[in-house]
Each structure stands twice: as C-alpha cells, then as structure tokens.
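Undergrad: Provided herewith: data-v5.cif, mmCIF, C-alpha atoms.
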data_run
#
loop_
_atom_site.group_PDB
_atom_site.id
_atom_site.type_symbol
_atom_site.label_atom_id
_atom_site.label_comp_id
_atom_site.auth_asym_id
_atom_site.auth_seq_id
_atom_site.Cartn_x
_atom_site.Cartn_y
_atom_site.Cartn_z
ATOM 1 C CA MET A 1 91.716 94.885 78.709
ATOM 2 C CA LEU A 2 92.210 91.422 77.246
ATOM 3 C CA LEU A 3 94.690 90.596 80.013
ATOM 4 C CA ASP A 4 92.434 92.146 82.679
ATOM 5 C CA LEU A 5 89.643 89.860 81.515
ATOM 6 C CA LYS A 6 91.979 86.856 81.691
ATOM 7 C CA VAL A 7 93.108 87.691 85.222
ATOM 8 C CA TYR A 8 89.541 88.275 86.379
ATOM 9 C CA LEU A 9 88.404 84.879 85.104
ATOM 10 C CA GLU A 10 91.508 83.152 86.475
ATOM 11 C CA ASN A 11 90.781 84.543 89.925
ATOM 12 C CA ARG A 12 87.019 83.974 89.890
ATOM 13 C CA GLY A 13 86.913 80.712 88.017
ATOM 14 C CA SER A 14 83.741 81.645 86.155
ATOM 15 C CA ALA A 15 81.537 84.624 85.391
ATOM 16 C CA SER A 16 78.427 85.397 83.416
ATOM 17 C CA ILE A 17 78.487 87.741 80.455
ATOM 18 C CA VAL A 18 76.320 90.128 82.494
ATOM 19 C CA ASP A 19 78.814 90.114 85.382
ATOM 20 C CA LEU A 20 81.683 90.738 82.985
ATOM 21 C CA SER A 21 79.797 93.517 81.221
ATOM 22 C CA ASN A 22 79.102 95.245 84.545
ATOM 23 C CA LYS A 23 82.634 94.742 85.861
ATOM 24 C CA PHE A 24 84.381 96.059 82.761
ATOM 25 C CA ARG A 25 81.641 98.513 81.715
ATOM 26 C CA THR A 26 81.761 97.050 78.241
ATOM 27 C CA PRO A 27 78.923 95.819 76.012
ATOM 28 C CA PRO A 28 78.504 92.034 75.929
ATOM 29 C CA ASP A 29 79.211 91.851 72.186
ATOM 30 C CA ALA A 30 82.616 93.496 72.634
ATOM 31 C CA LEU A 31 83.415 91.115 75.494
ATOM 32 C CA ARG A 32 82.424 88.090 73.414
ATOM 33 C CA GLY A 33 85.119 89.001 70.895
ATOM 34 C CA MET A 34 87.757 89.167 73.622
ATOM 35 C CA LEU A 35 86.512 86.025 75.319
ATOM 36 C CA GLY A 36 86.621 84.294 71.941
ATOM 37 C CA HIS A 37 90.378 84.843 71.950
ATOM 38 C CA TRP A 38 90.747 82.882 75.193
ATOM 39 C CA VAL A 39 88.265 80.231 74.039
ATOM 40 C CA LYS A 40 90.349 79.625 70.880
ATOM 41 C CA LYS A 41 93.454 79.252 73.037
ATOM 42 C CA GLY A 42 91.673 76.581 75.085
ATOM 43 C CA LEU A 43 91.821 78.560 78.325
ATOM 44 C CA VAL A 44 88.149 79.488 78.618
ATOM 45 C CA VAL A 45 84.989 77.553 77.854
ATOM 46 C CA ARG A 46 81.568 79.073 77.178
ATOM 47 C CA HIS A 47 78.399 77.516 78.570
ATOM 48 C CA ASP A 48 74.900 78.530 77.557
ATOM 49 C CA PHE A 49 72.184 77.550 79.996
ATOM 50 C CA ASP A 50 68.491 77.982 79.481
ATOM 51 C CA ALA A 51 67.281 78.943 82.938
ATOM 52 C CA GLY A 52 64.341 77.010 84.231
ATOM 53 C CA CYS A 53 65.636 73.801 82.669
ATOM 54 C CA GLY A 54 67.951 73.021 85.576
ATOM 55 C CA GLY A 55 71.004 73.868 83.473
ATOM 56 C CA CYS A 56 72.112 76.638 85.791
ATOM 57 C CA LYS A 57 72.222 74.155 88.683
ATOM 58 C CA PRO A 58 73.246 70.827 87.170
ATOM 59 C CA SER A 59 71.700 68.270 89.503
ATOM 60 C CA ASP A 60 68.841 65.811 89.660
ATOM 61 C CA ASP A 61 66.921 67.900 92.189
ATOM 62 C CA CYS A 62 66.047 70.889 90.029
ATOM 63 C CA GLY A 63 63.737 73.253 91.861
ATOM 64 C CA GLY A 64 62.298 74.621 88.629
ATOM 65 C CA CYS A 65 63.112 78.270 89.272
ATOM 66 C CA GLY A 66 60.906 79.334 86.378
ATOM 67 C CA VAL A 67 63.284 82.048 85.201
ATOM 68 C CA SER A 68 62.975 82.454 81.453
ATOM 69 C CA ALA A 69 66.243 84.280 80.768
ATOM 70 C CA SER A 70 69.177 82.637 79.072
ATOM 71 C CA PHE A 71 72.534 82.491 80.881
ATOM 72 C CA GLU A 72 75.905 82.748 79.201
ATOM 73 C CA ILE A 73 78.713 81.661 81.529
ATOM 74 C CA TYR A 74 82.450 81.625 80.883
ATOM 75 C CA ASP A 75 84.673 79.246 82.886
ATOM 76 C CA TRP A 76 88.428 79.497 83.215
ATOM 77 C CA ILE A 77 89.899 76.056 82.439
ATOM 78 C CA GLY A 78 93.524 77.070 81.933
ATOM 79 C CA PRO A 79 96.293 76.936 84.493
ATOM 80 C CA GLN A 80 96.063 79.256 87.458
ATOM 81 C CA GLY A 81 98.304 82.304 87.111
#
Starting from the coordinates I provided, produce the structure as structure tokens.

TA:
Amino acid sequence: MLLDLKVYLENRGSASIVDLSNKFRTPPDALRGMLGHWVKKGLVVRHDFDAGCGGCKPSDDCGGCGVSASFEIYDWIGPQG
C-alpha cells in the first residue's frame, strides 16, 4: 500500500488526507504514518491550511469562503515516475 500511495500522489501531484482516506479506504491516522515515510525521504510535503483564511487558494483575491474546516494536503515533490 505504501507504493500505491506513492504512485497515486506521483500521478495526481497532490491530494488531501480526506481524498486519500476515501481512495484507499484507510483511516487518516494510518495514512499519516505512511505519508510520513515519503515526507522523511523528501518526496512529499505536507501543507496544513486553515480554510477561510485564503490558505486553500493562495492569492491576494481571497473570496473568504467562510469554511471553518482545516485542510491537510500532501504534495508530491519528488521526480515523476
């Protein structure tokens, strides 16, 4: 599953923890452990955005979506497979 997660992120470029949990039918905490492996290797970076602050859409023209949930996004920064 660790390699499946790697391939998925390589192909997509980024995904939220919720997307990954739904895709792999695995609890977020279990995925965080696996993602931590790729983060330590310098292939994935984790971003935490507080929705409503403009963090989920980094620009100067934030529309203030008002969503109060927190977003956890993982980006693939390693070479493409």

Undergrad: Translate the PyMOL selection byres ((chain A and resi 29-36) around 9), as applied to the file shown, into an explicit residue set as a list in words.

TA: Met1, Leu2, Leu5, Lys6, Ile17, Leu20, Ser21, Phe24, Thr26, Pro27, Pro28, His37, Trp38, Val39, Lys40, Lys41, Val44, Val45, Arg46 and Tyr74 of chain A

Undergrad: Have a look at atom CA of Phe49 of chain A and atom CA of Arg25 of chain A and let me know their distance in Å, one decimal.

TA: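 That distance, rounded to one decimal, is 23.1 Å.
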
Undergrad: Measure the distance from atom CA of Lys23 of chain A to atom CA of Ile77 of chain A in Å and round it to one decimal.

TA: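 Result for atom CA of Lys23 of chain A versus atom CA of Ile77 of chain A: 20.3 Å, one decimal.
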
Undergrad: Using all atoms listed in the file, which residue out of A:Asp19, A:Gly42, A:Val7, A:Asp48 lies closest to Gln80 of chain A?

TA: A:Val7

Undergrad: If I take atom CA of Glu10 of chain A and atom CA of Glu72 of chain A, how far is one from the other in Å, to one decimal?

TA: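 Interatomic distance here is 17.2 Å.
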
Undergrad: Expanded to explicit residues, what is the PyMOL selection byres ((chain A and resi 14) around 8) for this file, as a PyMOL selection string?

TA: chain A and resi 9-10+12-13+15-16+73-76

Undergrad: For the residues in that selection, give me C-alpha atoms as a compact mmCIF listing (two decimals), in the coordinates of the input.

TA:
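Below you can see result08.txt, which holds the result:
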# COMPACT_ATOMS: atom_id res chain seq x y z
CA LEU A 9 88.40 84.88 85.10
CA GLU A 10 91.51 83.15 86.48
CA ARG A 12 87.02 83.97 89.89
CA GLY A 13 86.91 80.71 88.02
CA ALA A 15 81.54 84.62 85.39
CA SER A 16 78.43 85.40 83.42
CA ILE A 73 78.71 81.66 81.53
CA TYR A 74 82.45 81.62 80.88
CA ASP A 75 84.67 79.25 82.89
CA TRP A 76 88.43 79.50 83.22
